[in-house]
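Novice: Below you will find the structure I want to go over with you.
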2 protein chains.
Amino acid sequence: MNLKELATKLGLSPTTVSRALNGYPEVNEVTRERVIAAARRHNYRPNARAIRLATGRSLAVGHVIPLDTRSEIMNPIFSDFIAGSGEVYSRNGYDMILSIVPDEQEAATYRDLMSRGTVDGVIVHAPKTNDTRIGTLKDLGLPFVVHGRSTGSEVDYNWVDVNNRRAFQRATEFLLDLGHRRIALINGLEAMDFAVRRRIGYTDALTARGLEPEARLIVSVEMTEVNGWRAAEQALAQQAPATAFLCASMLQGMGVRRAVEGRGLKMGRDVSVIIFDDDLSYLRNGEDVPIFTATRSSVKEAGRLAAEMLLMVVSQPDLPPQHRLLEAELILGQSTGPVPVGDS
Amino acid sequence: MNLKELATKLGLSPTTVSRALNGYPEVNEVTRERVIAAARRHNYRPNARAIRLATGRSLAVGHVIPLDTRSEIMNPIFSDFIAGSGEVYSRNGYDMILSIVPDEQEAATYRDLMSRGTVDGVIVHAPKTNDTRIGTLKDLGLPFVVHGRSTGSEVDYNWVDVNNRRAFQRATEFLLDLGHRRIALINGLEAMDFAVRRRIGYTDALTARGLEPEARLIVSVEMTEVNGWRAAEQALAQQAPATAFLCASMLQGMGVRRAVEGRGLKMGRDVSVIIFDDDLSYLRNGEDVPIFTATRSSVKEAGRLAAEMLLMVVSQPDLPPQHRLLEAELILGQSTGPVPVGDS
DNA sequence: GCAAAACCTCAAAGCGCTTTGACCGATGCC
DNA sequence: GGCATCGGTCAAAGCGCTTTGAGGTTTTGC
C-alpha cells in the first residue's frame with residue numbers, strides 16, 4: 001500500500017493525503033480525519049526510502065566506533081551509551097547507524113557517510129588529544145557531537161563530557177583526607193583525552209598538598225580486569241607500597257580487589273580503592289550499598305544527552321557550538337578507609 | 001556532484017555512466033576507464049538514498065536489541081557480537097541499523113522496519129523459549145537470522161548458535177571426573193533459551209552418573225558479578241557446601257571468585273569453578289594462561305557468521321533454512337582441581 | 001452584488017539513481 | 001549486396017514520496 005493507492009482509494013490526490021498525514025495546516029480537518037483513519041485501516045506506512053530521497057534528509061544518525069585493530073578491544077561503555085542515545089533516536093523517528101571501523105579508516109568513513117547521504121549527523125566516540133576527526137568533520141560540514149573532548153583542537157565544536165579532571169581531583173583529595181600519601185593511579189590509555197584529564201586531576205590534587213606525583217605509582221593501561229590486577233600487584237610489591245588506588249574503571253577496580261585479597265589484605269581496611277564508575281547496566285557497583293567508593297557518572301545518560309544535542313544541531317545548523325559538562329558524583333562505598341597507622 | 005553532472009562532464013548519458021561504474025558488461029572498456037577516472041577525480045559518490053529508492057533495496061540490516069525495561073540491563077555480549085557482524089556488513093557495503101526497543105514493542109518494530117523498507121533483513125537477539133518474534137518475522141516475510149535458538153518454535157528458521165547443552169554437559173562431566181559431587185549451577189535467566197539448554201546439559205551429565213540434581217545448588221539469575229557472588233555465598237554457606245561451580249558467564253565467575261576468596265578459600269584448590277567464556281574483548285579470561293577453566297566460544301565470531309548468513313538469505317530468498325551450530329572448546333585454567341579429600 | 005480574501009485541493013515537477021527497450025553503426029556471413 | 005548479429009550508447013520511464021504553484025470554490029467585507 002503506497003501513497004498513490006491510498007489516495008485513489010480515498011478519491012483524493014497524493015498531495016492532499018501526504019499533507020493530511022504530515023500535519024500540514026492547509027487541509028480540512030474533516031478530510032484529515034478521513035485520511036488518517038484510512039491510513040490506519042489499510043496499514044499504510046510511508047516508504048522511508050522515498051521520503052529520504054524526496055526530502056534530502058536521511059533521518060538517520062551515525063555512530064562511528066573506532067576499533068583499535070591491535071588490541072581489538074571494544075569499549076565496554078559503548079553498549080550503554082548506545083542504549084541511551086538509541087532511546088532518543090527512536091523517540092524522534094531517527095535511525096541509528098553503527099559503523100565499526102579500524103582507526104585509520106575513520107576519516108574515510110565520515111566522508112562516505114556524508115557524501116552518500118547516509119546520515120544527517122554523527123556522534124564521535126573516544127576522542128584522542130588533538131583528534132583529527134574534529135577538523136575533518138568541520139571541513140565536511142557534517143553535524144556532529146563528540147562524546148568527550150579533545151585537547152588541542154583549535155576549533156570549537158559540540159560536545160558532551162564528564163568533568164574527568166574534577167572527578168579525579170576530588171577522589172584524590174578524598175584519599176588524601178583519609179591520610180593516604182602513596183596513592184596509585186591506574187589510568188586508562190593516555191592516548192584517550194579523558195585519561196589525560198584524569199591524570200591532571202590526580203596530580204593537581206597531589207601538588208596542591210605539596211606532594212610530588214610518583215611515576216612508579218602511575219600506570220596507563222587498557223581498562224581490563226587483568227590490567228588492574230597486574231598494576232596492583234606491582235604497586236603492592238614495592239618497598240613502600242601504595243596504600244590506595246584510583247582506578248579509571250570498574251573492571252580495573254575488580255582486578256585491584258583480586259590482587260588485594262590475594263595477598264590476604266582487606267579492601268577498605270588495609271588498602272583503599274576508588275574507581276570511576278560509568279554506571280554500566282551489566283556492571284553495577286553493588287546494589288543498595290556500593291562495593292567501591294566511586295566517582296559516578298552514567299554513560300547511558302551521556303548517550304541520551306549527546307543524542308539530543310545532535311538532533312538539535314541537525315535541525316538547527318546555525319546554532320553556536322553546544323557544550324554540556326557533567327559532574328560526577330562521589331559516592332561512598334566499602335572500599336575506602338583511613339590509612340593504616342604507620343603507613344601514612 | 002551527482003550522476004547527471006558527471007555524465008554531462010563526460011559527454012555521456014547517465015545510463016552509460018551508471019553502467020560503467022556498476023560493472024555492467026555492455027559498456028566499452030575504454031569508456032569505463034574514462035568514467036571511473038573521472039568519478040575518482042571529481043570525488044563522485046552515488047547518493048545512497050537514490051540508489052535505495054531506485055533499486056527497492058535498503059542495503060541495510062537491522063539489529064533489534066530487546067531492552068528489558070525492568071532490569072534495564074544491556075546484554076554485555078552485544079557489543080562484541082556487533083563488532084563481528086559490523087565487519088561483515090561494511091565489507092559488503094551494508095549499513096547496520098540498531099534499534100533498542102522495550103520488549104513489548106519488538107514486534108511493532110519489525111513491522112515498521114519491514115513496511116517502511118528500512119532494512120533488508122534483521123538479526124534476532126536473545127531468543128526466549130517459544131519466542132513469538134520468529135512467527136512474526138516469518139509472517140512478515142522479512143529475512144532474519146536468530147542468534148541462538150528458540151525451543152518450541154514450530155517453524156524452521158535460520159540460526160547461528162553455540163551448542164550450549166553440550167558445553168555444559170562436558171563441563172559438568174569434567175568436574176565429575178575430578179571427583180566433585182556437589183556442583184552448583186549459576187545459570188543465566190531461564191527465560192532465555194540458551195539458559196534452559198545449559199541447565200539440561202548440566203542435569204544430563206549428572207543423571208548419566210546416577211546423581212540427582214539438587215535444587216538448592218541451582219540458581220538462575222542475571223549474569224552480573226554481584227549475582228555470582230551472592231549465589232556463591234549461599235552455596236558455600238550450606239551444610240554440605242558446593243565444591244564446584246558452573247557459571248554461565250565470566251562476570252558471575254568473578255563474583256564466585258570473590259566469595260571464595262572472601263572466605264579464605266583458594267579457587268582451584270578448595271573450590272573449582274568453570275565458566276562459560278564468550279571471549280569478550282574487554283573481558284578476557286586471563287592472557288596466556290586462562291584464569292578460569294572455561295567452555296569458550298567467541299561471540300564475535302558468532303556475529304560474523306550470523307551476518308554472513310543473513311546477507312546470504314537476503315540475496316537468495318529461496319534458500320532453505322540455514323543452521324550453524326558451533327561447538328565450545330573446553331579450555332583448562334587455574335580454577336579447577338580435584339575435589340578436596342573428604343569432600344567427595 | 002461583487003471583488004478580495006480565505007480555504008481546499010490538485011497536477012506536475014523533482015529528488016538521483018536504475019533499468020528497459022530502442023537505436024545505430026560496425027561487423028560477419030552467405 | 002543484403003540480412004542478421006553484435007557492441008555500444010542513449011532517451012525515457014520509474015522508484016514513492018514532497019513541494020511548488022496554480023486553480024476552483026466558498027466566505028468575507030463593503
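For the C-alpha cells, the naming scheme is as follows: chains receive sequential letters (A, B, ...) according to their order of presentation, residues are indexed from 1 within each chain, and ligands are indexed from 1 in presentation order.
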Which neighbours of segment 8-10 of chain C fall inside 7 Å, counting only C-alpha atoms (C1' of nucleotides), when residues of the same chain fewer than 2 positions from it are skipped, and could you give them as a ChimeraX atom specification?

Specialist: /A:13,16,27-28

Novice: Using only N, CA and C atoms, please write the residues we just selected to a file, as an mmCIF file, in the first residue's frame.

Specialist:
data_model
loop_
_atom_site.group_PDB
_atom_site.id
_atom_site.type_symbol
_atom_site.label_atom_id
_atom_site.label_comp_id
_atom_site.auth_asym_id
_atom_site.auth_seq_id
_atom_site.Cartn_x
_atom_site.Cartn_y
_atom_site.Cartn_z
ATOM 1 N N SER A 13 -6.105 13.438 -4.031
ATOM 2 C CA SER A 13 -4.810 13.433 -4.700
ATOM 3 C C SER A 13 -3.730 13.052 -3.689
ATOM 4 N N THR A 16 -2.785 15.872 -1.210
ATOM 5 C CA THR A 16 -3.628 16.090 -0.051
ATOM 6 C C THR A 16 -3.405 15.018 1.012
ATOM 7 N N VAL A 27 -5.072 21.653 5.131
ATOM 8 C CA VAL A 27 -6.020 20.601 4.768
ATOM 9 C C VAL A 27 -7.164 20.575 5.789
ATOM 10 N N ASN A 28 -8.311 20.425 5.263
ATOM 11 C CA ASN A 28 -9.531 20.415 6.074
ATOM 12 C C ASN A 28 -9.473 19.331 7.154
#

Novice: For DA5 of chain C, work out the shell of residues within 10 Å, counting only C-alpha atoms (C1' of nucleotides) and skipping chain neighbours fewer than 5 positions away, then give it as a list of chain:residue names.

Specialist: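 Selected residues are D:DT27, D:DT28, D:DG29.
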
Novice: Would you put the residues from that selection into a file with C-alpha atoms (C1' of nucleotides), as an mmCIF file, in the first residue's frame?

Specialist:
data_model
loop_
_atom_site.group_PDB
_atom_site.id
_atom_site.type_symbol
_atom_site.label_atom_id
_atom_site.label_comp_id
_atom_site.auth_asym_id
_atom_site.auth_seq_id
_atom_site.Cartn_x
_atom_site.Cartn_y
_atom_site.Cartn_z
ATOM 1 C "C1'" DT D 27 -16.588 33.015 2.538
ATOM 2 C "C1'" DT D 28 -15.943 37.782 3.826
ATOM 3 C "C1'" DG D 29 -16.254 42.790 3.572
#

Novice: State, in Å with one decimal place, the distance from atom CA of Thr129 of chain A to atom CA of Pro66 of chain A.

Specialist: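 Going from atom CA of Thr129 of chain A over to atom CA of Pro66 of chain A, I get 14.8 Å.
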
Novice: Extract, using only C-alpha atoms (C1' of nucleotides), all DNA, RNA and protein residues at most 9 Å from Glu87 of chain B, discarding same-chain residues fewer than 5 positions from it, and format them as a list of chain:residue names.

Specialist: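 Final neighbour list, sorted by chain and number: A:Ser99, A:Ile100, A:Val101, B:Ile82, B:Asn92, B:Arg304, B:Ala307.
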
Novice: Those selected residues, please, written with C-alpha atoms and delivered as a compact mmCIF listing (two decimals), in the first residue's frame.

Specialist:
# COMPACT_ATOMS: atom_id res chain seq x y z
CA SER A 99 29.89 1.72 11.76
CA ILE A 100 32.68 -0.17 13.36
CA VAL A 101 35.82 0.71 11.50
CA ILE B 82 28.04 -6.22 16.84
CA ASN B 92 29.71 -5.89 1.79
CA ARG B 304 30.40 -12.63 11.89
CA ALA B 307 25.89 -11.57 9.48

Novice: Which residues of chain C come within 12 Å of segment 10-15 of chain D, and what is each one's closest atom pair and distance in Å (one decimal), counting only C-alpha atoms (C1' of nucleotides), sorted by chain and residue number, as CSV?

Specialist:
residue,atom,partner,partner_atom,distance
C:DC15,C1',D:DC15,C1',10.9
C:DG16,C1',D:DC15,C1',10.7
C:DC17,C1',D:DC15,C1',9.1
C:DT18,C1',D:DG14,C1',8.8
C:DT19,C1',D:DG14,C1',8.8
C:DT20,C1',D:DA13,C1',8.3
C:DG21,C1',D:DA12,C1',9.7
C:DA22,C1',D:DA11,C1',8.7
C:DC23,C1',D:DC10,C1',8.1
C:DC24,C1',D:DC10,C1',10.4

Novice: Please produce a file of those selected residues containing C-alpha atoms (C1' of nucleotides), as a PDB file, in the first residue's frame.

Specialist:
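In the end it all went to part_31.pdb:
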ATOM      1  C1'  DC C  15      14.785  14.110  -5.548  1.00  0.00           C
ATOM      2  C1'  DG C  16      19.213  10.989  -8.015  1.00  0.00           C
ATOM      3  C1'  DC C  17      19.562   6.974  -9.190  1.00  0.00           C
ATOM      4  C1'  DT C  18      18.452   2.115 -12.112  1.00  0.00           C
ATOM      5  C1'  DT C  19      16.705  -0.277 -15.889  1.00  0.00           C
ATOM      6  C1'  DT C  20      14.026  -1.222 -20.020  1.00  0.00           C
ATOM      7  C1'  DG C  21      13.723  -1.007 -24.743  1.00  0.00           C
ATOM      8  C1'  DA C  22      15.199   1.214 -28.736  1.00  0.00           C
ATOM      9  C1'  DC C  23      18.622   2.818 -31.783  1.00  0.00           C
ATOM     10  C1'  DC C  24      22.514   2.917 -34.740  1.00  0.00           C
TER      11       DC C  24
END

Novice: Name the residues of segment 154-219 of chain B that come out as alpha helix (DSSP H) in a backbone DSSP run; write them as a ChimeraX atom specification.

Specialist: /B:164-177,193-208

Novice: One decimal, Å: what's the distance from atom CA of Asp139 of chain B over to atom CA of Asn158 of chain B, could you say?

Specialist: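 Answer for the atom CA of Asp139 of chain B to atom CA of Asn158 of chain B separation: 14.5 Å.
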
Novice: Return the neighbours of chain D among the residues of chain B, cut-off 9 Å, counting only C-alpha atoms (C1' of nucleotides), as a ChimeraX atom specification.

Specialist: /B:12-16,26-28,50,52-56

Novice: Put those residues in a file: N, CA and C atoms, as a CSV table (one decimal), in the first residue's frame.

Specialist:
chain,number,residue,atom,x,y,z
B,12,LEU,N,28.6,11.9,-21.8
B,12,LEU,CA,27.9,10.6,-21.9
B,12,LEU,C,26.5,10.8,-21.3
B,13,SER,N,25.7,9.7,-21.5
B,13,SER,CA,24.4,9.7,-20.8
B,13,SER,C,24.6,9.1,-19.4
B,14,PRO,N,23.7,9.5,-18.6
B,14,PRO,CA,23.7,9.0,-17.2
B,14,PRO,C,23.6,7.4,-17.3
B,15,THR,N,22.9,6.9,-18.2
B,15,THR,CA,22.8,5.4,-18.3
B,15,THR,C,24.2,4.8,-18.4
B,16,THR,N,25.0,5.3,-19.3
B,16,THR,CA,26.3,4.7,-19.6
B,16,THR,C,27.2,4.9,-18.4
B,26,GLU,N,27.9,-4.3,-20.8
B,26,GLU,CA,27.6,-3.7,-22.1
B,26,GLU,C,28.2,-2.3,-22.3
B,27,VAL,N,29.3,-2.1,-21.6
B,27,VAL,CA,30.0,-0.8,-21.8
B,27,VAL,C,31.4,-1.0,-22.2
B,28,ASN,N,31.9,-0.2,-23.2
B,28,ASN,CA,33.2,-0.3,-23.7
B,28,ASN,C,34.3,-0.1,-22.6
B,50,ALA,N,19.1,7.7,-3.3
B,50,ALA,CA,18.6,7.5,-4.6
B,50,ALA,C,18.7,6.0,-5.0
B,52,ARG,N,18.7,3.5,-3.1
B,52,ARG,CA,17.8,2.7,-2.4
B,52,ARG,C,16.4,2.8,-3.0
B,53,LEU,N,16.0,4.0,-3.4
B,53,LEU,CA,14.7,4.1,-3.9
B,53,LEU,C,14.6,3.4,-5.3
B,54,ALA,N,15.6,3.6,-6.1
B,54,ALA,CA,15.6,3.0,-7.4
B,54,ALA,C,15.6,1.5,-7.4
B,55,THR,N,16.4,1.0,-6.5
B,55,THR,CA,16.6,-0.5,-6.6
B,55,THR,C,15.5,-1.2,-5.7
B,56,GLY,N,14.9,-0.5,-4.8
B,56,GLY,CA,14.0,-1.1,-3.9
B,56,GLY,C,14.7,-1.9,-2.8

Novice: Please return as a VMD selection string: the residues of segment 32-257 of chain B that backbone DSSP assigns to strand (DSSP E).

Specialist: chain B and resid 60 to 67 95 to 102 121 to 124 144 to 147 159 to 162 183 to 187 218 to 220 244 to 247

Novice: Next, write the just-selected residues to a file, as a PDB file, in the first residue's frame, keeping C-alpha atoms as the atom set.

Specialist:
ATOM      1  CA  ALA B  60      20.859  -2.164   5.385  1.00  0.00           C
ATOM      2  CA  VAL B  61      20.421  -4.742   8.077  1.00  0.00           C
ATOM      3  CA  GLY B  62      18.668  -4.285  11.391  1.00  0.00           C
ATOM      4  CA  HIS B  63      19.695  -5.473  14.813  1.00  0.00           C
ATOM      5  CA  VAL B  64      16.845  -5.210  17.224  1.00  0.00           C
ATOM      6  CA  ILE B  65      18.119  -5.316  20.760  1.00  0.00           C
ATOM      7  CA  PRO B  66      15.441  -6.017  23.311  1.00  0.00           C
ATOM      8  CA  LEU B  67      15.715  -3.884  26.374  1.00  0.00           C
ATOM      9  CA  ASP B  95      24.676  -0.455   6.806  1.00  0.00           C
ATOM     10  CA  MET B  96      23.885  -1.737  10.252  1.00  0.00           C
ATOM     11  CA  ILE B  97      20.862  -0.215  11.887  1.00  0.00           C
ATOM     12  CA  LEU B  98      20.411  -0.631  15.588  1.00  0.00           C
ATOM     13  CA  SER B  99      17.090  -0.446  17.313  1.00  0.00           C
ATOM     14  CA  ILE B 100      16.973  -0.687  21.032  1.00  0.00           C
ATOM     15  CA  VAL B 101      13.387  -1.204  21.986  1.00  0.00           C
ATOM     16  CA  PRO B 102      11.457  -2.345  25.027  1.00  0.00           C
ATOM     17  CA  GLY B 121      16.785  -8.263   6.937  1.00  0.00           C
ATOM     18  CA  VAL B 122      17.273  -8.494  10.678  1.00  0.00           C
ATOM     19  CA  ILE B 123      19.200 -10.333  13.331  1.00  0.00           C
ATOM     20  CA  VAL B 124      17.161 -11.546  16.257  1.00  0.00           C
ATOM     21  CA  PHE B 144      16.123 -12.946   9.519  1.00  0.00           C
ATOM     22  CA  VAL B 145      18.756 -14.906  11.381  1.00  0.00           C
ATOM     23  CA  VAL B 146      18.453 -15.747  15.043  1.00  0.00           C
ATOM     24  CA  HIS B 147      21.459 -15.623  17.309  1.00  0.00           C
ATOM     25  CA  TRP B 159      20.051 -19.567  13.212  1.00  0.00           C
ATOM     26  CA  VAL B 160      23.602 -19.470  14.466  1.00  0.00           C
ATOM     27  CA  ASP B 161      24.074 -20.957  17.886  1.00  0.00           C
ATOM     28  CA  VAL B 162      26.565 -22.465  20.260  1.00  0.00           C
ATOM     29  CA  ILE B 183      28.339 -28.941  41.741  1.00  0.00           C
ATOM     30  CA  ALA B 184      26.437 -25.685  41.840  1.00  0.00           C
ATOM     31  CA  LEU B 185      24.991 -24.252  38.669  1.00  0.00           C
ATOM     32  CA  ILE B 186      24.807 -20.478  38.477  1.00  0.00           C
ATOM     33  CA  ASN B 187      22.760 -20.137  35.368  1.00  0.00           C
ATOM     34  CA  ILE B 218      20.883 -24.357  41.162  1.00  0.00           C
ATOM     35  CA  VAL B 219      20.120 -20.696  40.670  1.00  0.00           C
ATOM     36  CA  SER B 220      19.033 -18.772  37.643  1.00  0.00           C
ATOM     37  CA  ALA B 244      32.451 -26.727  42.460  1.00  0.00           C
ATOM     38  CA  PHE B 245      30.636 -24.055  40.450  1.00  0.00           C
ATOM     39  CA  LEU B 246      29.490 -23.883  36.900  1.00  0.00           C
ATOM     40  CA  CYS B 247      28.845 -20.317  35.819  1.00  0.00           C
TER      41      CYS B 247
END

Novice: Based on only C-alpha atoms, which of the residues in chain A come within 8 Å of chain B? I want them as a PyMOL selection string.

Specialist: chain A and resi 45-50+52-53+58+72-76+78-80+83+86-87+90+95-101+112+115-118+223-226+258+261-262+281-284+286-287

Novice: Output the selection as a tab-separated table (two decimals), in the first residue's frame - C-alpha atoms for each residue.

Specialist:
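This went into selection32.tsv:
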chain	number	residue	atom	x	y	z
A	45	ARG	CA	3.32	3.29	6.20
A	46	PRO	CA	5.18	5.74	4.04
A	47	ASN	CA	8.24	4.31	2.37
A	48	ALA	CA	11.31	5.55	4.17
A	49	ARG	CA	13.46	5.35	1.06
A	50	ALA	CA	11.15	7.64	-0.85
A	52	ARG	CA	14.59	10.30	2.22
A	53	LEU	CA	15.09	10.93	-1.43
A	58	SER	CA	18.40	10.77	5.92
A	72	GLU	CA	40.67	-5.44	19.14
A	73	ILE	CA	39.02	-4.14	22.25
A	74	MET	CA	35.52	-2.87	22.02
A	75	ASN	CA	34.99	-0.21	24.56
A	76	PRO	CA	32.66	-1.74	27.15
A	78	PHE	CA	29.79	1.70	24.28
A	79	SER	CA	26.75	-0.51	24.67
A	80	ASP	CA	25.30	1.57	27.45
A	83	ALA	CA	21.26	2.32	24.80
A	86	GLY	CA	19.09	4.89	20.83
A	87	GLU	CA	16.17	5.72	23.03
A	90	SER	CA	13.62	6.14	18.19
A	95	ASP	CA	17.54	5.52	12.76
A	96	MET	CA	20.87	4.80	14.37
A	97	ILE	CA	23.54	3.56	12.04
A	98	LEU	CA	26.57	1.90	13.50
A	99	SER	CA	29.89	1.72	11.76
A	100	ILE	CA	32.68	-0.17	13.36
A	101	VAL	CA	35.82	0.71	11.50
A	112	ASP	CA	31.43	8.40	2.84
A	115	SER	CA	28.71	12.34	0.53
A	116	ARG	CA	26.47	9.35	0.03
A	117	GLY	CA	23.93	10.99	2.25
A	118	THR	CA	23.57	8.08	4.61
A	223	MET	CA	40.73	-0.86	31.17
A	224	THR	CA	40.53	-4.56	31.85
A	225	GLU	CA	40.43	-6.65	34.97
A	226	VAL	CA	43.73	-8.31	34.29
A	258	ARG	CA	41.67	-9.51	43.42
A	261	GLU	CA	42.54	-10.06	48.56
A	262	GLY	CA	45.04	-12.43	47.00
A	281	SER	CA	23.91	-1.68	33.41
A	282	TYR	CA	25.66	-5.02	33.47
A	283	LEU	CA	28.44	-3.93	35.77
A	284	ARG	CA	26.75	-2.37	38.72
A	286	GLY	CA	26.93	-3.33	44.18
A	287	GLU	CA	23.23	-2.93	44.76

Novice: I'd like the interatomic distance between atom CA of Ala208 of chain A and atom CA of Val339 of chain A, to a tenth of an Å.

Specialist: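 Atom-to-atom, atom CA of Ala208 of chain A and atom CA of Val339 of chain A are spaced 19.4 Å apart.
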
Novice: Excluding Asp277 of chain B and any residue of its chain fewer than 5 positions from it, enumerate the residues within 10 Å of it, using only C-alpha atoms (C1' of nucleotides), and give them as a VMD selection string.

Specialist: chain B and resid 247 to 251 253 283 to 285 292 to 299 328 to 331

Novice: Can those selected residues be exported to a file as a CSV table (one decimal), in the first residue's frame so that it contains C-alpha atoms?

Specialist:
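Contents of out_6.csv, as written:
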chain,number,residue,atom,x,y,z
B,247,CYS,CA,28.8,-20.3,35.8
B,248,ALA,CA,27.0,-19.0,32.8
B,249,SER,CA,29.3,-16.1,32.4
B,250,MET,CA,32.7,-14.6,33.2
B,251,LEU,CA,31.1,-11.9,35.4
B,253,GLY,CA,32.6,-16.3,37.8
B,283,LEU,CA,36.7,-9.3,29.5
B,284,ARG,CA,39.5,-11.6,28.6
B,285,ASN,CA,39.9,-14.7,30.7
B,292,PHE,CA,39.2,-19.8,34.7
B,293,THR,CA,38.7,-23.2,33.3
B,294,ALA,CA,36.1,-22.5,30.7
B,295,THR,CA,34.0,-23.6,27.8
B,296,ARG,CA,34.7,-21.0,25.3
B,297,SER,CA,33.1,-19.8,22.2
B,298,SER,CA,33.7,-16.4,20.6
B,299,VAL,CA,30.6,-14.3,20.4
B,328,ALA,CA,32.5,-24.5,22.5
B,329,GLU,CA,36.0,-25.6,23.4
B,330,LEU,CA,36.9,-26.7,26.9
B,331,ILE,CA,40.0,-24.8,28.0
